[in-house]
Structures are given as structure tokens and as C-alpha cells.
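Colleague: Pasting coords15.tsv here (TSV, C-alpha atoms):
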```tsv
chain	number	residue	atom	x	y	z
K	38	MET	CA	-66.83	-29.34	7.90
K	39	PRO	CA	-65.80	-32.84	7.00
K	40	ARG	CA	-62.81	-34.29	8.70
K	41	TRP	CA	-60.85	-34.67	5.40
K	42	PHE	CA	-61.10	-30.90	4.88
K	43	TRP	CA	-59.28	-30.10	8.15
K	44	LEU	CA	-56.78	-32.84	7.43
K	45	GLY	CA	-56.07	-31.18	4.08
K	46	VAL	CA	-55.69	-27.76	5.69
K	47	GLY	CA	-53.26	-29.20	8.27
K	48	ILE	CA	-51.13	-30.91	5.65
K	49	GLY	CA	-51.10	-27.70	3.60
K	50	LEU	CA	-49.97	-25.61	6.57
K	51	LEU	CA	-47.25	-28.14	7.36
K	52	PHE	CA	-46.06	-27.98	3.74
K	53	VAL	CA	-45.93	-24.18	3.79
K	54	ALA	CA	-44.04	-24.19	7.11
K	55	ALA	CA	-41.52	-26.75	5.82
K	56	ALA	CA	-40.99	-24.77	2.61
K	57	GLY	CA	-40.41	-21.64	4.69
K	58	ALA	CA	-37.89	-23.41	6.89
K	59	VAL	CA	-36.03	-24.75	3.85
K	60	LYS	CA	-35.94	-21.27	2.30
K	61	ILE	CA	-34.60	-19.73	5.52
K	62	ALA	CA	-31.89	-22.41	5.73
K	63	LEU	CA	-30.91	-21.91	2.08
K	64	ASP	CA	-30.82	-18.12	2.53
K	65	ALA	CA	-28.64	-18.48	5.61
K	66	ARG	CA	-26.25	-20.76	3.74
K	67	ALA	CA	-26.12	-18.36	0.79
K	68	GLU	CA	-25.40	-15.46	3.16
K	69	SER	CA	-22.78	-17.21	5.29
K	70	LEU	CA	-19.16	-16.64	4.39
K	71	PRO	CA	-16.89	-19.60	3.58
K	72	VAL	CA	-14.34	-20.95	6.05
K	73	TYR	CA	-10.78	-20.77	4.67
K	74	MET	CA	-8.56	-21.74	7.60
K	75	THR	CA	-8.17	-21.40	11.35
K	76	ILE	CA	-5.77	-18.88	12.85
K	77	PRO	CA	-3.29	-20.72	15.14
K	78	ASP	CA	-3.13	-19.67	18.79
K	79	TRP	CA	0.57	-18.77	18.77
K	80	PRO	CA	2.39	-16.21	20.94
K	81	PHE	CA	3.63	-12.89	19.58
K	82	THR	CA	4.86	-9.61	21.11
K	83	ASP	CA	2.78	-6.45	20.88
K	84	GLN	CA	3.91	-2.85	20.39
K	85	GLU	CA	4.34	-2.44	24.16
K	86	GLY	CA	6.56	-5.51	24.45
K	87	HIS	CA	3.86	-7.68	26.06
K	88	THR	CA	3.14	-11.26	25.02
K	89	PHE	CA	0.05	-11.46	22.86
K	90	TRP	CA	-1.54	-14.83	22.04
K	91	LEU	CA	-3.64	-14.77	18.88
K	92	GLY	CA	-6.22	-16.84	20.80
K	93	GLN	CA	-6.87	-13.77	22.96
K	94	THR	CA	-9.01	-12.41	20.17
K	95	ARG	CA	-11.43	-15.38	20.21
K	96	GLY	CA	-14.97	-14.15	20.81
K	97	ARG	CA	-14.41	-11.06	18.67
K	98	VAL	CA	-14.37	-10.54	14.93
K	99	VAL	CA	-10.78	-9.78	13.85
K	100	VAL	CA	-9.50	-7.68	10.96
K	101	LEU	CA	-5.96	-8.98	10.36
K	102	GLY	CA	-3.24	-7.59	8.11
K	103	MET	CA	0.43	-8.48	7.54
K	104	ILE	CA	2.93	-5.74	6.69
K	105	TYR	CA	6.53	-4.60	7.15
K	106	THR	CA	7.30	-1.04	8.24
K	107	HIS	CA	10.08	-0.45	5.68
K	108	CYS	CA	7.51	-0.85	2.90
K	109	PRO	CA	6.88	2.70	1.63
K	110	ASP	CA	4.05	2.07	-0.78
K	111	VAL	CA	1.62	-0.82	-0.32
K	112	CYS	CA	1.82	-1.59	3.44
K	113	PRO	CA	0.95	1.98	4.52
K	114	LEU	CA	-2.12	1.67	2.31
K	115	ILE	CA	-3.07	-1.62	4.01
K	116	THR	CA	-2.75	0.13	7.38
K	117	ALA	CA	-4.74	3.11	6.11
K	118	ARG	CA	-7.54	0.84	4.88
K	119	MET	CA	-7.64	-0.92	8.26
K	120	ARG	CA	-7.73	2.43	10.05
K	121	GLU	CA	-10.60	3.50	7.81
K	122	ILE	CA	-12.45	0.31	8.80
K	123	GLN	CA	-11.61	0.88	12.48
K	124	GLN	CA	-13.17	4.36	12.33
K	125	GLN	CA	-16.32	3.03	10.65
K	126	VAL	CA	-16.57	0.19	13.19
K	127	ALA	CA	-16.42	2.83	15.96
K	128	THR	CA	-19.05	4.93	14.22
K	129	GLU	CA	-21.39	1.92	14.17
K	130	GLY	CA	-20.78	1.18	17.87
K	131	LEU	CA	-19.04	-2.15	17.18
K	132	SER	CA	-15.62	-1.40	18.70
K	133	ASP	CA	-16.11	-3.88	21.55
K	134	GLN	CA	-16.91	-6.67	19.06
K	135	VAL	CA	-14.23	-6.09	16.43
K	136	PHE	CA	-10.47	-6.24	17.06
K	137	PHE	CA	-7.64	-5.25	14.69
K	138	VAL	CA	-4.32	-7.08	14.41
K	139	THR	CA	-1.32	-6.09	12.31
K	140	ILE	CA	1.57	-8.59	12.20
K	141	THR	CA	4.96	-7.84	10.66
K	142	PHE	CA	6.61	-10.36	8.35
K	143	ASP	CA	9.94	-8.58	8.94
K	144	PRO	CA	10.59	-9.27	12.66
K	145	GLU	CA	14.35	-8.70	12.30
K	146	ARG	CA	13.77	-4.97	11.76
K	147	ASP	CA	10.28	-4.46	13.19
K	148	THR	CA	10.81	-4.42	16.95
K	149	PRO	CA	7.93	-3.47	19.29
K	150	GLU	CA	9.32	0.07	19.45
K	151	VAL	CA	9.51	0.40	15.65
K	152	LEU	CA	5.93	-0.89	15.36
K	153	ARG	CA	4.70	1.50	18.05
K	154	ARG	CA	6.24	4.50	16.31
K	155	TYR	CA	4.98	3.34	12.92
K	156	ALA	CA	1.43	3.07	14.27
K	157	ARG	CA	1.58	6.38	16.13
K	158	ALA	CA	2.78	8.17	12.96
K	159	ARG	CA	-0.45	6.89	11.40
K	160	ARG	CA	-2.62	7.96	14.33
K	161	VAL	CA	-3.74	4.42	15.09
K	162	ASP	CA	-6.18	3.95	17.99
K	163	PHE	CA	-4.65	1.19	20.14
K	164	THR	CA	-7.92	0.62	22.07
K	165	ASN	CA	-8.81	-2.33	19.83
K	166	TRP	CA	-5.70	-2.70	17.66
K	167	ALA	CA	-2.44	-4.59	18.35
K	168	PHE	CA	0.76	-4.42	16.27
K	169	LEU	CA	2.64	-7.69	16.64
K	170	THR	CA	6.16	-8.94	16.03
K	171	GLY	CA	7.72	-12.17	17.24
K	172	ASP	CA	9.99	-15.10	16.72
K	173	PRO	CA	11.02	-15.22	13.01
K	174	SER	CA	10.19	-18.91	12.68
K	175	THR	CA	6.73	-18.41	14.22
K	176	ILE	CA	6.06	-15.55	11.82
K	177	ARG	CA	7.31	-17.60	8.87
K	178	HIS	CA	4.96	-20.42	9.83
K	179	LEU	CA	2.08	-17.97	10.14
K	180	THR	CA	2.69	-16.62	6.62
K	181	GLU	CA	2.59	-20.23	5.40
K	182	VAL	CA	-0.70	-20.93	7.22
K	183	LEU	CA	-2.27	-17.74	5.84
K	184	GLY	CA	-0.87	-18.19	2.34
K	185	ILE	CA	1.08	-14.93	2.45
K	186	TYR	CA	3.92	-14.98	-0.11
K	187	THR	CA	7.08	-13.12	0.89
K	188	GLU	CA	10.38	-12.76	-0.95
K	189	ARG	CA	13.33	-10.60	0.07
K	190	VAL	CA	14.92	-8.46	-2.65
K	191	TYR	CA	18.40	-7.15	-1.79
K	192	VAL	CA	19.43	-3.73	-3.06
K	193	ILE	CA	22.86	-2.03	-3.03
K	194	ASN	CA	22.94	1.72	-3.71
K	195	GLY	CA	19.54	1.59	-5.35
K	196	THR	CA	20.41	-1.29	-7.65
K	197	PRO	CA	18.95	-4.79	-7.28
K	198	ALA	CA	21.72	-7.13	-6.21
K	199	ALA	CA	22.12	-10.87	-6.11
K	200	ALA	CA	23.18	-10.31	-2.52
K	201	THR	CA	22.82	-12.34	0.59
K	202	PRO	CA	22.94	-11.25	4.21
K	203	GLU	CA	26.60	-12.29	4.19
K	204	THR	CA	27.43	-9.54	1.70
K	205	SER	CA	28.69	-6.52	3.59
K	206	GLY	CA	28.20	-2.89	2.69
K	207	SER	CA	26.56	0.04	4.41
K	208	GLU	CA	24.19	0.67	1.49
K	209	LEU	CA	22.93	-2.92	1.37
K	210	THR	CA	19.32	-3.24	2.35
K	211	TYR	CA	16.30	-5.29	1.35
K	212	PHE	CA	12.68	-4.91	0.41
K	213	ILE	CA	10.07	-7.62	0.59
K	214	ASN	CA	7.77	-8.58	-2.26
K	215	HIS	CA	4.57	-9.76	-0.60
K	216	THR	CA	0.91	-10.65	-0.92
K	217	ASP	CA	-1.42	-7.67	-0.59
K	218	ARG	CA	-4.27	-8.96	1.60
K	219	ILE	CA	-6.46	-8.30	4.65
K	220	PHE	CA	-8.19	-11.18	6.46
K	221	LEU	CA	-11.55	-11.18	8.25
K	222	VAL	CA	-11.63	-13.69	11.11
K	223	ASP	CA	-14.77	-14.85	12.92
K	224	ARG	CA	-15.33	-15.24	16.67
K	225	GLN	CA	-13.98	-18.82	16.54
K	226	GLY	CA	-10.70	-17.73	14.97
K	227	ARG	CA	-11.57	-18.93	11.47
K	228	VAL	CA	-10.65	-16.89	8.39
K	229	ARG	CA	-13.94	-16.13	6.63
K	230	ALA	CA	-13.03	-13.50	4.04
K	231	LEU	CA	-9.95	-12.53	2.02
K	232	LEU	CA	-9.98	-8.81	1.20
K	233	PRO	CA	-7.66	-7.29	-1.44
K	234	GLY	CA	-5.37	-5.52	1.03
K	235	SER	CA	-4.50	-2.00	-0.10
K	236	ARG	CA	-7.38	-2.09	-2.61
K	237	THR	CA	-10.03	-3.03	-0.04
K	238	GLU	CA	-13.32	-1.16	-0.39
K	239	LEU	CA	-14.77	0.07	2.91
K	240	LYS	CA	-18.34	-0.79	1.89
K	241	ASP	CA	-17.47	-4.41	1.03
K	242	ALA	CA	-15.40	-4.87	4.20
K	243	MET	CA	-18.11	-3.46	6.48
K	244	GLU	CA	-20.81	-5.58	4.88
K	245	LYS	CA	-18.81	-8.73	5.66
K	246	ILE	CA	-17.84	-7.55	9.15
K	247	ARG	CA	-21.51	-6.92	10.02
K	248	ARG	CA	-22.38	-10.46	8.89
K	249	LEU	CA	-19.64	-11.92	11.11
K	250	VAL	CA	-20.71	-9.75	14.05
K	251	ARG	CA	-24.29	-11.07	13.65
K	252	GLU	CA	-23.08	-14.66	13.87
K	253	ARG	CA	-23.26	-15.85	17.46
K	254	SER	CA	-20.33	-17.51	19.12
K	255	GLY	CA	-20.52	-21.26	18.56
K	256	ALA	CA	-23.01	-20.87	15.71
Q	188	MET	CA	15.05	34.76	-71.61
Q	189	PHE	CA	17.07	34.42	-68.45
Q	190	SER	CA	19.37	37.36	-68.08
Q	191	LEU	CA	21.99	37.59	-65.36
Q	192	ARG	CA	19.95	40.34	-63.76
Q	193	ASN	CA	16.81	38.16	-63.71
Q	194	ILE	CA	18.65	35.24	-62.14
Q	195	ARG	CA	20.12	37.47	-59.47
Q	196	SER	CA	16.70	38.97	-58.75
Q	197	ARG	CA	15.07	35.53	-58.48
Q	198	SER	CA	17.84	34.27	-56.22
Q	199	ILE	CA	17.33	37.17	-53.85
Q	200	THR	CA	13.59	36.53	-53.84
Q	201	VAL	CA	14.07	32.83	-53.04
Q	202	LEU	CA	16.58	33.65	-50.33
Q	203	LEU	CA	14.26	36.17	-48.72
Q	204	GLY	CA	11.44	33.62	-48.87
Q	205	LEU	CA	13.56	31.03	-47.12
Q	206	ILE	CA	14.54	33.50	-44.40
Q	207	ILE	CA	10.89	34.50	-43.83
Q	208	ALA	CA	9.83	30.83	-43.74
Q	209	ALA	CA	12.55	30.02	-41.21
Q	210	CYS	CA	11.45	32.91	-39.01
Q	211	ALA	CA	7.78	31.94	-39.23
Q	212	ALA	CA	8.38	28.26	-38.26
Q	213	PRO	CA	7.98	27.58	-34.54
Q	214	ALA	CA	11.33	27.12	-32.83
Q	215	ALA	CA	11.94	24.04	-30.67
Q	216	THR	CA	11.71	25.30	-27.08
Q	217	GLY	CA	12.71	22.15	-25.23
Q	218	PRO	CA	10.93	20.60	-22.22
Q	219	ARG	CA	8.88	22.76	-19.85
Q	220	ILE	CA	8.45	20.82	-16.62
Q	221	ARG	CA	6.05	21.53	-13.76
Q	222	VAL	CA	5.20	19.30	-10.79
Q	223	GLN	CA	1.73	19.12	-9.23
Q	224	ASP	CA	0.07	17.71	-6.09
Q	225	ALA	CA	3.18	16.45	-4.31
Q	226	TRP	CA	2.46	14.50	-1.11
Q	227	ALA	CA	4.21	11.94	1.07
Q	228	ARG	CA	3.24	9.29	3.56
Q	229	PRO	CA	4.01	9.82	7.25
Q	230	GLY	CA	7.07	8.06	8.59
Q	231	ALA	CA	8.96	7.63	11.83
Q	232	MET	CA	12.70	8.29	11.96
Q	233	GLY	CA	14.92	5.21	12.32
Q	234	MET	CA	15.58	3.74	15.72
Q	235	GLY	CA	19.36	4.01	15.54
Q	236	HIS	CA	20.03	0.29	15.66
Q	237	GLU	CA	23.54	-0.91	15.08
Q	238	MET	CA	24.48	-2.43	11.79
Q	239	GLU	CA	23.89	-6.15	11.61
Q	240	GLN	CA	25.47	-8.44	9.04
Q	241	GLY	CA	26.50	-5.42	6.98
Q	242	MET	CA	22.93	-4.20	6.63
Q	243	SER	CA	21.47	-1.10	8.14
Q	244	HIS	CA	18.77	-2.95	10.06
Q	245	GLY	CA	16.27	-0.84	11.88
Q	246	ARG	CA	17.57	2.62	11.12
Q	247	GLU	CA	16.36	2.85	7.55
Q	248	SER	CA	12.80	3.95	8.07
Q	249	THR	CA	11.12	4.87	4.81
Q	250	SER	CA	8.43	6.93	3.20
Q	251	ALA	CA	7.19	7.49	-0.34
Q	252	VAL	CA	6.49	10.67	-2.29
Q	253	TYR	CA	3.85	10.94	-5.01
Q	254	PHE	CA	3.15	13.72	-7.57
Q	255	VAL	CA	2.32	14.42	-11.18
Q	256	VAL	CA	5.02	15.64	-13.59
Q	257	VAL	CA	3.65	17.67	-16.51
Q	258	ASN	CA	5.75	18.56	-19.54
Q	259	ASP	CA	4.24	21.46	-21.50
Q	260	GLY	CA	7.27	21.65	-23.79
Q	261	ASP	CA	7.83	20.16	-27.20
Q	262	GLN	CA	10.81	18.06	-26.16
Q	263	PRO	CA	10.90	15.12	-23.74
Q	264	ASP	CA	12.89	15.15	-20.52
Q	265	VAL	CA	14.08	12.46	-18.13
Q	266	LEU	CA	13.78	12.34	-14.34
Q	267	THR	CA	17.05	10.83	-13.16
Q	268	GLY	CA	16.90	11.25	-9.39
Q	269	ALA	CA	15.96	13.34	-6.39
Q	270	VAL	CA	17.42	14.59	-3.12
Q	271	SER	CA	15.94	15.83	0.15
Q	272	ASP	CA	17.21	16.94	3.54
Q	273	VAL	CA	14.74	14.63	5.30
Q	274	ALA	CA	16.32	11.35	4.09
Q	275	GLU	CA	19.77	9.83	3.79
Q	276	ARG	CA	18.97	8.40	0.35
Q	277	VAL	CA	16.29	9.14	-2.21
Q	278	GLU	CA	15.56	6.68	-5.00
Q	279	LEU	CA	13.07	6.27	-7.84
Q	280	HIS	CA	11.04	3.08	-7.40
Q	281	GLU	CA	8.12	1.31	-8.97
Q	282	THR	CA	5.63	-1.13	-7.47
Q	283	ARG	CA	4.13	-3.67	-9.83
Q	284	MET	CA	1.18	-5.86	-8.92
Q	285	GLU	CA	1.49	-9.45	-10.14
Q	286	GLY	CA	-1.85	-10.93	-9.21
Q	287	ASP	CA	-2.22	-10.07	-5.53
Q	288	VAL	CA	1.56	-9.88	-4.96
Q	289	ALA	CA	3.15	-6.43	-4.72
Q	290	LYS	CA	6.68	-6.28	-6.15
Q	291	MET	CA	8.93	-3.24	-5.81
Q	292	GLN	CA	12.06	-2.40	-7.79
Q	293	PRO	CA	14.37	0.60	-8.28
Q	294	VAL	CA	13.95	2.54	-11.53
Q	295	PRO	CA	17.07	4.36	-12.87
Q	296	ARG	CA	15.21	6.94	-15.02
Q	297	VAL	CA	11.69	7.98	-15.94
Q	298	GLU	CA	11.02	9.67	-19.29
Q	299	ILE	CA	8.56	12.55	-19.30
Q	300	PRO	CA	7.21	12.80	-22.88
Q	301	ALA	CA	6.76	16.11	-24.70
Q	302	GLN	CA	3.27	17.53	-24.14
Q	303	GLY	CA	2.71	14.66	-21.73
Q	304	ARG	CA	2.45	13.80	-18.04
Q	305	VAL	CA	3.64	11.02	-15.77
Q	306	GLU	CA	1.85	10.19	-12.55
Q	307	PHE	CA	3.72	8.96	-9.49
Q	308	LYS	CA	1.03	7.22	-7.43
Q	309	PRO	CA	0.42	4.46	-4.86
Q	310	ARG	CA	1.06	0.95	-6.27
Q	311	GLY	CA	3.01	2.51	-9.13
Q	312	LEU	CA	5.96	4.87	-9.63
Q	313	HIS	CA	7.10	6.65	-6.46
Q	314	VAL	CA	10.08	8.45	-4.98
Q	315	MET	CA	11.32	6.46	-2.01
Q	316	LEU	CA	12.84	8.21	1.01
Q	317	ILE	CA	15.26	5.84	2.74
Q	318	GLY	CA	16.68	6.50	6.19
Q	319	LEU	CA	14.47	9.31	7.43
Q	320	LYS	CA	16.42	11.95	9.39
Q	321	ARG	CA	13.29	13.13	11.16
Q	322	ASP	CA	9.70	12.04	11.69
Q	323	LEU	CA	7.29	12.98	8.93
Q	324	GLN	CA	4.03	13.85	10.65
Q	325	VAL	CA	0.68	14.37	8.95
Q	326	GLY	CA	0.27	18.08	8.17
Q	327	GLU	CA	4.01	18.86	7.86
Q	328	THR	CA	5.77	19.90	4.66
Q	329	PHE	CA	9.32	19.45	3.33
Q	330	THR	CA	11.30	20.11	0.15
Q	331	LEU	CA	12.15	17.45	-2.41
Q	332	THR	CA	14.44	18.45	-5.29
Q	333	LEU	CA	13.80	16.53	-8.50
Q	334	GLN	CA	16.72	16.17	-10.91
Q	335	PHE	CA	15.93	16.25	-14.63
Q	336	GLU	CA	18.36	15.51	-17.42
Q	337	ARG	CA	17.55	18.72	-19.39
Q	338	SER	CA	15.56	20.92	-17.02
Q	339	GLY	CA	18.02	20.56	-14.17
Q	340	GLU	CA	16.94	20.67	-10.53
Q	341	ILE	CA	13.34	21.56	-9.67
Q	342	PRO	CA	12.46	21.97	-5.97
Q	343	VAL	CA	9.01	20.74	-4.94
Q	344	ARG	CA	7.09	21.42	-1.72
Q	345	VAL	CA	5.70	18.13	-0.37
Q	346	SER	CA	2.79	17.79	2.11
Q	347	VAL	CA	2.67	14.80	4.47
Q	348	LYS	CA	-0.72	13.06	4.24
Q	349	GLU	CA	-2.05	9.65	5.12
Q	350	MET	CA	-3.96	9.02	1.91
Q	351	ALA	CA	-4.01	10.49	-1.60
Q	352	PRO	CA	-5.39	14.07	-1.63
```
Give the structure from the file, written as C-alpha cells.

Modeller:
Amino acid sequence: MPRWFWLGVGIGLLFVAAAGAVKIALDARAESLPVYMTIPDWPFTDQEGHTFWLGQTRGRVVVLGMIYTHCPDVCPLITARMREIQQQVATEGLSDQVFFVTITFDPERDTPEVLRRYARARRVDFTNWAFLTGDPSTIRHLTEVLGIYTERVYVINGTPAAATPETSGSELTYFINHTDRIFLVDRQGRVRALLPGSRTELKDAMEKIRRLVRERSGA
Amino acid sequence: MFSLRNIRSRSITVLLGLIIAACAAPAATGPRIRVQDAWARPGAMGMGHEMEQGMSHGRESTSAVYFVVVNDGDQPDVLTGAVSDVAERVELHETRMEGDVAKMQPVPRVEIPAQGRVEFKPRGLHVMLIGLKRDLQVGETFTLTLQFERSGEIPVRVSVKEMAP
């Protein structure tokens, strides 16, 4: 065979290999989830009263939700969705790679004991799930970082009131209007998916969690 | 021609016709209320914290009750409230989603239309139990008494479940 023939074959093979590499890179980019923000490594208190730094979860994929235990309607659904995901993660043998974090945005009422009883009433498996409370200003800053909207609504005897904490009365209480969201966090502590909280579909959540589990640390 | 006897006879006939027509017409029976599929979320009793700043911090643990009210009658009724032994206060509430923000507010009354139904469901209308007097564990049941404007009090057996049945 003439030399130009082998040269042509070589160039052709190189072209095919380069095209393949480009396609793989484009596919990987299309499949990778966006980066929204990084979770700060701040200290909180878990349901047992122990200090829990959010950085402790680095190296694992994290499913993170924010709730308050006095919420009767939406927050229990957020917790139920997360528990559903936790059970599926266990079924797929991923429990050592996925951690669950629930943080209250009502630290004045949600003490570690309240959180522990709230979680137990919902049969939560604490093996890879922490319920966190903490300093009110730290929690307020976290809601700002995560883009969680919260607004207290004061109620007296079942009627909305233009009340403030200074208003006294045994029937005065408050609810919190809030964003309904669950976050998926990668091994580097970066938020990679925003799930619709109480409306989260298990199939969609697991598909994203599997992608994040496949990503190697430092990738 | 019209004789007095004829007029009297016709009047009696018309009167009898009216009476028969009145008897044949369906009478208004009012609302006929029944409640289906009542369930509540689990909840842990309050922790007995002292009052702070006039508010009952910590002790007012909550839960929510969901059900379907069906009105088979031909008149509407209004749900005005509810009571239960398991909670200090029971209120009608509604959650509204504005984008991805959940907003909750008390509702003073809920009309149940004639021949209609109203669903109390997650992220919508619900009965809120405030200040639980005991833990509500999955699998337990308790009684909730619904108060209607016309039908009066209707007791409902409620099952504690984690998710909708």
C-alpha cells in the first residue's frame, strides 16, 4: 500500500477519535446538573443536642429541607417526601453515600427535643438523617443564602392579627409562610438541584441523586 | 252560560288541582351531609414550655385533618368549626400556593353546596389541631366533631396516617 493511504487512514482514525471525545464531553455537560450555590459550613445543633457542622456532610450527597414543626400542612409533606427518598436510597444500597438534613427556620420553638419528637412521630431513620436547629441569626442567614422566603403571620383566636411579639395574650401564636423546596447538594457542598418540596416526585429526585452519587469527589 | 253552580264546581276543581300539584312537587329537604375518608397527620404533644412574650411558644404542637364533605341534599350548608378532645383549639385553615411559597390563613366558614362536595386536602383546606393534648401516632384513631350551620354537629372518626390514603 502506498504511504499516502496509511496516512489517510491515520488521519481518519484521529478524526473519529476526536469526534467521539467531543461527543462524550458534550454528553457529560448536558447530563451534569447546574451549580446554584455553596452550602456554608456553619454550626447547628442536632436533635440530640450535639453540635453539627454542615461541612460534616462533605463527601456525601445531601438531601436538604427546611421546615418548622408547627406547620401542619406543607412541612409534614416535605418530611414525608424526604423519608420516601430515604427509603428508596436504602433500597438501592446508597445509604452510606447519601445524607439527609432537615433544618428548622423556627429555632425559637423548635428545640432539639421538639425536633426529635417530631421526627420520631414520623418514624424517621436517624442513621443518615439529622434534624437541626440553632442560633436564630445563623438560621436567618442560611435562609438568605438558600433563597428560602419566610414571613411570620400572627394569629389571635384563629383570626389574623396585625400583632407583634410585644402583644400579649394566651391565644396569640404565629404561622410562617415559606418557600416549599428540597435541595440536592453534591459531595463538595454545592447545591445542584432545586426540587419542589412537598410536590417532589420520587422518580425525578432519585434520577438526580444517582447522577450526583456517580460524580466523584473533586470531579 | 256561567251559572253559580258551574262557577262553584270549577272553583272546586281548580282548588283540588292545586292541592294535588302541591303534593306532587318535591319538598325541599335541606342539606344531607356525610363525611368521607377522614385522616390526620401524626403529631407530638407540646413540650410544656413556659409562655414567652405572651405567646405559647413550644407547647402548641399541631396537626391537620383532611376529609371530603358530601352534601346529598338540595340545600347548601356551612361548616363553621370543629372540636376534638385531642387538641386545645381546632380551626379551619387554608393553604394557598403562590408560586413556590406556601401561605396559610384561617378560614371562618366553608360553604358546602347542595348536591356538591368539598375536599379538605394537603396544600388546600384543612382542619388544624392546635395544642395537641396527646401524641397522634400512625395507626391511631380519634374523634373530630364538625359543626355545621344547619346540620348541627357531626362526629367523624379520624385515622392518623403519614400520607394521603

Colleague: Give me, please, the distance in Å between atom CA of Ala127 of chain K and atom CA of Phe89 of chain K, quoted to one decimal.

Modeller: 22.9 Å

Colleague: Using only C-alpha atoms, can you tell me which of Q:Pro309, Q:Gly260, Q:Pro218, Q:Gly268 comes closest to chain K?

Modeller: Q:Pro309

Colleague: One decimal, Å: what's the distance from atom CA of Ala301 of chain Q over to atom CA of Pro263 of chain Q, could you say?

Modeller: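 Here the two named atoms are 4.4 Å from each other.
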
Colleague: Would you mind telling me which residue in K:Gln225, K:Glu244, K:Ala158, K:Thr210 lies nearest to Ile193 of chain K when using all atoms listed in the file?

Modeller: K:Thr210

Colleague: Separation of atom CA of Asp264 of chain Q and atom CA of Arg337 of chain Q, in Å?

Modeller: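 It comes out at 6.0 Å.
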
Colleague: Which residue gives the smallest distance to Pro80 of chain K among K:Leu44, K:Gly92, K:Tyr105, K:Arg224, with all atoms listed in the file counted?

Modeller: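 Of all the options, K:Gly92 lies closest to Pro80 of chain K.
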
Colleague: Could you check which of K:Phe212, K:Gly171, K:Ala56, K:Gln125 is closest to Lys240 of chain K, using only C-alpha atoms?

Modeller: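 Closest to Lys240 of chain K of all the choices is K:Gln125.
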
Colleague: Taking into account all atoms listed in the file, which residue in the set K:Asp217, K:Gly96, K:His107, K:Thr180 is nearest to Gly286 of chain Q?

Modeller: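 So, comparing all the options, the nearest one is K:Asp217.
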
Colleague: Could you pull the residues within 10 Å of segment 183-186 of chain K, counting only C-alpha atoms, minus those fewer than 4 positions along the same chain, as a PDB file with C-alpha atoms, keeping the file's coordinate frame?

Modeller:
```pdb
ATOM      1  CA  TYR K  73     -10.780 -20.770   4.670  1.00  0.00           C
ATOM      2  CA  MET K  74      -8.560 -21.740   7.600  1.00  0.00           C
ATOM      3  CA  THR K  75      -8.170 -21.400  11.350  1.00  0.00           C
ATOM      4  CA  ILE K  76      -5.770 -18.880  12.850  1.00  0.00           C
ATOM      5  CA  PRO K  77      -3.290 -20.720  15.140  1.00  0.00           C
ATOM      6  CA  MET K 103       0.430  -8.480   7.540  1.00  0.00           C
ATOM      7  CA  PHE K 142       6.610 -10.360   8.350  1.00  0.00           C
ATOM      8  CA  ARG K 177       7.310 -17.600   8.870  1.00  0.00           C
ATOM      9  CA  HIS K 178       4.960 -20.420   9.830  1.00  0.00           C
ATOM     10  CA  LEU K 179       2.080 -17.970  10.140  1.00  0.00           C
ATOM     11  CA  ILE K 213      10.070  -7.620   0.590  1.00  0.00           C
ATOM     12  CA  ASN K 214       7.770  -8.580  -2.260  1.00  0.00           C
ATOM     13  CA  HIS K 215       4.570  -9.760  -0.600  1.00  0.00           C
ATOM     14  CA  THR K 216       0.910 -10.650  -0.920  1.00  0.00           C
ATOM     15  CA  ASP K 217      -1.420  -7.670  -0.590  1.00  0.00           C
ATOM     16  CA  ARG K 218      -4.270  -8.960   1.600  1.00  0.00           C
ATOM     17  CA  PHE K 220      -8.190 -11.180   6.460  1.00  0.00           C
ATOM     18  CA  VAL K 228     -10.650 -16.890   8.390  1.00  0.00           C
TER      19      VAL K 228
ATOM     20  CA  ASP Q 287      -2.220 -10.070  -5.530  1.00  0.00           C
ATOM     21  CA  VAL Q 288       1.560  -9.880  -4.960  1.00  0.00           C
ATOM     22  CA  ALA Q 289       3.150  -6.430  -4.720  1.00  0.00           C
TER      23      ALA Q 289
END
```

Colleague: Which polymer residues have any atom within 12 Å of an atom of Arg236 of chain K, counting all atoms listed in the file, with same-chain residues fewer than 6 positions away left out, as a short mmCIF file (atom, residue, chain, number, x, y, z; two decimals) with C-alpha atoms, in the frame of the given file?

Modeller:
```
data_model
loop_
_atom_site.label_atom_id
_atom_site.label_comp_id
_atom_site.auth_asym_id
_atom_site.auth_seq_id
_atom_site.Cartn_x
_atom_site.Cartn_y
_atom_site.Cartn_z
CA VAL K 111 1.62 -0.82 -0.32
CA CYS K 112 1.82 -1.59 3.44
CA PRO K 113 0.95 1.98 4.52
CA LEU K 114 -2.12 1.67 2.31
CA ILE K 115 -3.07 -1.62 4.01
CA THR K 116 -2.75 0.13 7.38
CA ALA K 117 -4.74 3.11 6.11
CA ARG K 118 -7.54 0.84 4.88
CA MET K 119 -7.64 -0.92 8.26
CA ASP K 217 -1.42 -7.67 -0.59
CA ARG K 218 -4.27 -8.96 1.60
CA ILE K 219 -6.46 -8.30 4.65
CA ALA K 242 -15.40 -4.87 4.20
CA MET Q 284 1.18 -5.86 -8.92
CA ASP Q 287 -2.22 -10.07 -5.53
CA ALA Q 289 3.15 -6.43 -4.72
CA PRO Q 309 0.42 4.46 -4.86
CA ARG Q 310 1.06 0.95 -6.27
#
```

Colleague: Rank Q:Val255, Q:Leu279, Q:Val270, Q:Val222 by their smallest atom-to-atom distance to Thr196 of chain K, using only C-alpha atoms, and report the top residue only.

Modeller: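 For Thr196 of chain K, the nearest of the candidates is Q:Leu279.
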
Colleague: Might you pull out every residue within 10 Å of Ser248 of chain Q, with only C-alpha atoms counted and same-chain residues fewer than 4 positions away left off, and present them as a compact mmCIF listing (two decimals) with C-alpha atoms, keeping the file's coordinate frame?

Modeller:
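Contents of the output file part03.txt:
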```txt
# COMPACT_ATOMS: atom_id res chain seq x y z
CA THR K 106 7.30 -1.04 8.24
CA HIS K 107 10.08 -0.45 5.68
CA CYS K 108 7.51 -0.85 2.90
CA PRO K 109 6.88 2.70 1.63
CA ARG K 146 13.77 -4.97 11.76
CA VAL K 151 9.51 0.40 15.65
CA TYR K 155 4.98 3.34 12.92
CA GLY Q 230 7.07 8.06 8.59
CA ALA Q 231 8.96 7.63 11.83
CA MET Q 232 12.70 8.29 11.96
CA GLY Q 233 14.92 5.21 12.32
CA MET Q 234 15.58 3.74 15.72
CA GLY Q 235 19.36 4.01 15.54
CA HIS Q 244 18.77 -2.95 10.06
CA ALA Q 274 16.32 11.35 4.09
CA LEU Q 316 12.84 8.21 1.01
CA ILE Q 317 15.26 5.84 2.74
CA GLY Q 318 16.68 6.50 6.19
CA LEU Q 319 14.47 9.31 7.43
CA LYS Q 320 16.42 11.95 9.39
CA ARG Q 321 13.29 13.13 11.16
CA ASP Q 322 9.70 12.04 11.69
```

Colleague: Taking (-15.3, 2.3, 13.4) as a centre in this file's frame and 12 Å as the limit, can you find every polymer residue with an atom that close, using all atoms listed in the file, and give them as a PyMOL selection string?

Modeller: chain K and resi 100+118-137+161-162+164-166+239+242-243+246-247

Colleague: Let me have the centre and edge lengths of the axis-aligned box enclosing all listed atoms of segment 326-337 of chain Q with 8 Å padding on every side, in Å to one decimal, as lines of an AutoDock Vina configuration file.

Modeller:
```
center_x = 9.3
center_y = 17.8
center_z = -5.6
size_x = 34.1
size_y = 20.6
size_z = 43.6
```
